[in-house]
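Chemist: My questions all concern the structure below.
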2 protein chains.
Amino acid sequence: MMVTRAEQRAHTRQRIVEAATETFSERGFHGASTREIASRAGVNQGLITHHFGTKDALWREAMSGVFDALTEALDHRRRAIVDAPPRQQARALTREFVRFAAHNPTLFRLMLDEGKVDDERLRWLVETHLRPAYERFLELGDTMGFGGDRTMATHYYYTLAGAASLMFVVGAECEQLTGVDPQADETIERHAEFVARLLVP
Amino acid sequence: MMVTRAEQRAHTRQRIVEAATETFSERGFHGASTREIASRAGVNQGLITHHFGTKDALWREAMSGVFDALTEALDHRRRAIVDAPPRQQARALTREFVRFAAHNPTLFRLMLDEGKVDDERLRWLVETHLRPAYERFLELGDTMGFGGDRTMATHYYYTLAGAASLMFVVGAECEQLTGVDPQADETIERHAEFVARLLVP
DNA sequence: TCGTTCCTTATTCGATCGAACAGCGACAAA
DNA sequence: TTTGTCGCTGTTCGATCGAATAAGGAACGA
């Protein structure tokens, strides 16, 4: 099988970004080492410097990857239900958001790690990815039921995000504490239905 | 002012535990260094080894401190409303839980940092502090409205905890993204009312 | 008052961190 | 075929990590 240099380069970069996403989400930015990331990706540690320059730049690549996945998942669902009644749309989007949180807890873990302290990484994250996503959320105001009140939209937003994601973010704890496997399909669907009915009455 | 050795010792230990709680909650277990903890506490780094032995032991002291504060806050509120009707009790406890999350985001940050990976610290946390707290939560089943169904109680638990805490856990992000100050008294009360009405209909 | 206890400081250790750098070897342009 | 580009490896650097250790020095029991 023939592989061009450009293909090899892209493949290696992707492997590193995937390993970085996992590692950053598990250990946080400070706790993740470039050596562990390289080890998970099966490459030399020097490659990270070569491809991304700094640990910060690699982290930004990882964040962009998970946010692109979220945008794609929600847009896909939204196109599929564009003709449904508003409340049905709202519930379907909420369920899809819960499913995404279940299958991609990494995004929420990364957000939770960075949202605590006001530093350069948080500013980049807000301006580059979070604000566009939040503006799209605000556009759903009438559909979701919180209207044009930006203050109440804030409470609604963090309530929804927290309710949808926590169970999957602390998956290991959930399983050990309650015996419920948060990654089981029936658990995910049950939580999606629970949160959708709660937030879209 | 005269200070005995025992008082001095207790005071120093408390200062270190408080600094450790802050630092662990901001940077996670791996990201927090004993040197930064010592610096915030205004003491020498060697003192941490002397008083607590290892970084792990200091972390356990910090966790015990915040869990004791949570238990005390909820018990205090519960005693004050023991004669009220069930739904009113449920809402009052929910509001108190939101207020505690707002004033003690450290507990939730520490939980979020440790609940991701199944390791020795998580097992200690579940058996020592989390399971007793969860059992007390389950006893509220009839009052809160999820009855004796342990599976639905799980979904209810993580929905409540996530909804109540996220806004304050990522306080820096919330302020930068939405302009809402999550530490303002009116914000806290608004969120408490919002979550209480949502989860206790 | 004297010797002991023990809280605290200062120093040091091996390990590990992010990053830089020189060189290797395969591929592509000429 | 020659020459240069480029993905990649191996090694090394100074900084910082958690932890151990010896010594200082004030509060103690006698």
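Residue names in the structure tokens use chain letters A, B, ... in the order shown, residue numbers from 1 in each chain, and ligand numbers from 1 in the order shown.
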Find the residues of chain C in contact range of chain B, meaning any atom within 8 Å when counting only C-alpha atoms (C1' of nucleotides), and list them as a PyMOL selection string.
Modeler: chain C and resi 7-9
Chemist: Determine, using only C-alpha atoms (C1' of nucleotides), which residues of chain C have any atom at most 9 Å from an atom of region 5-17 of chain D, and tabulate each with its shortest atom pair and distance in Å to one decimal place, rows ordered by chain and then rising number, as a tab-separated table.
Modeler:
```
residue	atom	partner	partner_atom	distance
C:DA15	C1'	D:DC17	C1'	7.9
C:DT16	C1'	D:DC17	C1'	7.0
C:DC17	C1'	D:DT16	C1'	7.0
C:DA19	C1'	D:DC13	C1'	8.6
C:DA20	C1'	D:DC13	C1'	7.9
C:DC21	C1'	D:DT12	C1'	8.5
C:DG23	C1'	D:DT9	C1'	8.9
C:DC24	C1'	D:DT9	C1'	7.8
C:DA26	C1'	D:DG7	C1'	9.0
C:DC27	C1'	D:DC6	C1'	8.6
C:DA28	C1'	D:DT5	C1'	7.9
```
Chemist: Could you write out that same residue set with C-alpha atoms (C1' of nucleotides) as a PDB file, in the first residue's frame?
Modeler:
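Output saved as out_23.pdb:
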```pdb
ATOM      1  C1'  DA C  15      12.622  11.706  38.755  1.00  0.00           C
ATOM      2  C1'  DT C  16      10.075  13.971  35.374  1.00  0.00           C
ATOM      3  C1'  DC C  17       8.593  17.996  33.044  1.00  0.00           C
ATOM      4  C1'  DA C  19      11.385  22.231  24.847  1.00  0.00           C
ATOM      5  C1'  DA C  20      15.437  22.496  21.763  1.00  0.00           C
ATOM      6  C1'  DC C  21      18.605  20.449  18.629  1.00  0.00           C
ATOM      7  C1'  DG C  23      21.258  14.016  12.568  1.00  0.00           C
ATOM      8  C1'  DC C  24      19.075  10.041   9.954  1.00  0.00           C
ATOM      9  C1'  DA C  26      13.094   8.057   2.729  1.00  0.00           C
ATOM     10  C1'  DC C  27      10.898  10.607  -0.743  1.00  0.00           C
ATOM     11  C1'  DA C  28      10.454  14.149  -4.442  1.00  0.00           C
TER      12       DA C  28
END
```
Chemist: Counting only C-alpha atoms, which residues of chain A come no farther than 7 Å from chain B, as a list of chain:residue names?
Modeler: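 Per the criterion, chain A yields A:Glu26, A:His30, A:Gly31, A:Leu112, A:Gly115, A:Lys116, A:Val117, A:Asp118, A:Val126, A:Arg131, A:Thr154, A:His155, A:Tyr158, A:Thr159, A:Leu160, A:Gly162, A:Ala163, A:Ala164, A:Leu166, A:Met167, A:Val169, A:Val170, A:Gly171, A:Ala172, A:Glu173, A:Leu177, A:Thr178, A:His191, A:Leu198.
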Chemist: Next, write the just-selected residues to a file, as an mmCIF file, in the first residue's frame, keeping N, CA and C atoms as the atom set.
Modeler:
```cif
data_model
loop_
_atom_site.group_PDB
_atom_site.id
_atom_site.type_symbol
_atom_site.label_atom_id
_atom_site.label_comp_id
_atom_site.auth_asym_id
_atom_site.auth_seq_id
_atom_site.Cartn_x
_atom_site.Cartn_y
_atom_site.Cartn_z
ATOM 1 N N GLU A 26 -8.508 13.545 30.681
ATOM 2 C CA GLU A 26 -8.389 12.728 31.892
ATOM 3 C C GLU A 26 -7.581 13.427 32.980
ATOM 4 N N HIS A 30 -2.445 20.837 32.966
ATOM 5 C CA HIS A 30 -1.184 20.745 33.694
ATOM 6 C C HIS A 30 -0.787 19.298 33.957
ATOM 7 N N GLY A 31 -1.782 18.451 34.233
ATOM 8 C CA GLY A 31 -1.473 17.075 34.605
ATOM 9 C C GLY A 31 -1.077 16.192 33.442
ATOM 10 N N LEU A 112 -14.513 21.857 31.700
ATOM 11 C CA LEU A 112 -14.521 21.979 33.152
ATOM 12 C C LEU A 112 -13.134 22.272 33.679
ATOM 13 N N GLY A 115 -12.516 26.173 32.516
ATOM 14 C CA GLY A 115 -13.444 27.242 32.842
ATOM 15 C C GLY A 115 -13.292 27.804 34.238
ATOM 16 N N LYS A 116 -12.392 27.201 35.031
ATOM 17 C CA LYS A 116 -12.282 27.596 36.432
ATOM 18 C C LYS A 116 -11.487 28.863 36.631
ATOM 19 N N VAL A 117 -10.358 28.966 35.914
ATOM 20 C CA VAL A 117 -9.436 30.082 36.123
ATOM 21 C C VAL A 117 -9.370 30.950 34.867
ATOM 22 N N ASP A 118 -9.400 32.256 35.064
ATOM 23 C CA ASP A 118 -9.364 33.204 33.954
ATOM 24 C C ASP A 118 -7.930 33.359 33.463
ATOM 25 N N VAL A 126 -13.122 30.832 24.797
ATOM 26 C CA VAL A 126 -14.384 31.558 24.734
ATOM 27 C C VAL A 126 -14.539 32.230 23.383
ATOM 28 N N ARG A 131 -18.149 31.184 22.277
ATOM 29 C CA ARG A 131 -19.099 32.241 21.962
ATOM 30 C C ARG A 131 -19.928 31.920 20.722
ATOM 31 N N THR A 154 -28.947 32.343 30.437
ATOM 32 C CA THR A 154 -27.713 31.907 31.088
ATOM 33 C C THR A 154 -27.985 30.770 32.073
ATOM 34 N N HIS A 155 -29.004 30.967 32.920
ATOM 35 C CA HIS A 155 -29.342 29.911 33.877
ATOM 36 C C HIS A 155 -29.786 28.644 33.158
ATOM 37 N N TYR A 158 -26.566 26.780 31.590
ATOM 38 C CA TYR A 158 -25.701 26.019 32.494
ATOM 39 C C TYR A 158 -26.468 24.893 33.186
ATOM 40 N N THR A 159 -27.764 25.059 33.372
ATOM 41 C CA THR A 159 -28.583 23.971 33.912
ATOM 42 C C THR A 159 -28.616 22.805 32.931
ATOM 43 N N LEU A 160 -28.885 23.127 31.676
ATOM 44 C CA LEU A 160 -28.935 22.079 30.648
ATOM 45 C C LEU A 160 -27.588 21.381 30.493
ATOM 46 N N GLY A 162 -25.030 21.185 32.532
ATOM 47 C CA GLY A 162 -24.662 20.411 33.714
ATOM 48 C C GLY A 162 -25.487 19.153 33.843
ATOM 49 N N ALA A 163 -26.808 19.281 33.666
ATOM 50 C CA ALA A 163 -27.697 18.132 33.800
ATOM 51 C C ALA A 163 -27.381 17.074 32.747
ATOM 52 N N ALA A 164 -27.069 17.526 31.540
ATOM 53 C CA ALA A 164 -26.838 16.578 30.450
ATOM 54 C C ALA A 164 -25.523 15.831 30.594
ATOM 55 N N LEU A 166 -23.015 15.743 33.460
ATOM 56 C CA LEU A 166 -22.296 15.328 34.674
ATOM 57 C C LEU A 166 -22.178 13.813 34.807
ATOM 58 N N MET A 167 -23.277 13.117 34.595
ATOM 59 C CA MET A 167 -23.276 11.663 34.758
ATOM 60 C C MET A 167 -22.189 10.982 33.916
ATOM 61 N N VAL A 169 -19.458 12.684 32.549
ATOM 62 C CA VAL A 169 -18.149 13.260 32.867
ATOM 63 C C VAL A 169 -17.494 12.482 34.002
ATOM 64 N N VAL A 170 -18.278 12.167 35.024
ATOM 65 C CA VAL A 170 -17.747 11.399 36.152
ATOM 66 C C VAL A 170 -18.223 9.948 36.049
ATOM 67 N N GLY A 171 -18.038 9.388 34.865
ATOM 68 C CA GLY A 171 -18.533 8.035 34.603
ATOM 69 C C GLY A 171 -18.010 6.989 35.570
ATOM 70 N N ALA A 172 -16.726 7.068 35.884
ATOM 71 C CA ALA A 172 -16.135 6.077 36.788
ATOM 72 C C ALA A 172 -16.776 6.164 38.164
ATOM 73 N N GLU A 173 -17.011 7.398 38.616
ATOM 74 C CA GLU A 173 -17.652 7.586 39.916
ATOM 75 C C GLU A 173 -19.081 7.068 39.890
ATOM 76 N N LEU A 177 -20.407 4.329 42.417
ATOM 77 C CA LEU A 177 -21.312 4.782 43.476
ATOM 78 C C LEU A 177 -22.696 4.157 43.360
ATOM 79 N N THR A 178 -23.229 4.113 42.136
ATOM 80 C CA THR A 178 -24.629 3.707 41.965
ATOM 81 C C THR A 178 -24.786 2.343 41.302
ATOM 82 N N HIS A 191 -31.378 8.772 30.239
ATOM 83 C CA HIS A 191 -30.975 10.106 30.687
ATOM 84 C C HIS A 191 -31.400 11.167 29.675
ATOM 85 N N LEU A 198 -37.553 17.171 31.377
ATOM 86 C CA LEU A 198 -37.393 18.125 32.471
ATOM 87 C C LEU A 198 -37.226 19.545 31.944
#
```
Chemist: Please provide the set of residues having any atom within 8 Å of region 75-80 of chain A, restricted to only C-alpha atoms (C1' of nucleotides), with same-chain residues fewer than 3 positions apart removed, written as a ChimeraX atom specification.
Modeler: /A:71-72,89,92-93,96
Chemist: For the selection you just gave me, I'd like the residues written to a file as a PDB file, in the first residue's frame, keeping C-alpha atoms.
Modeler:
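This is the output file again-v2.pdb:
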```pdb
ATOM      1  CA  THR A  71     -21.256  21.467  15.965  1.00  0.00           C
ATOM      2  CA  GLU A  72     -21.522  18.747  13.341  1.00  0.00           C
ATOM      3  CA  GLN A  89     -37.515  20.169  17.961  1.00  0.00           C
ATOM      4  CA  ALA A  92     -34.935  16.212  19.965  1.00  0.00           C
ATOM      5  CA  LEU A  93     -32.027  18.674  20.194  1.00  0.00           C
ATOM      6  CA  GLU A  96     -29.037  14.723  20.891  1.00  0.00           C
TER       7      GLU A  96
END
```
Chemist: Please check the contacts: residues of chain D at most 8 Å away from chain B, using only C-alpha atoms (C1' of nucleotides), listed as number ranges by chain.
Modeler: D: 17-19, 27
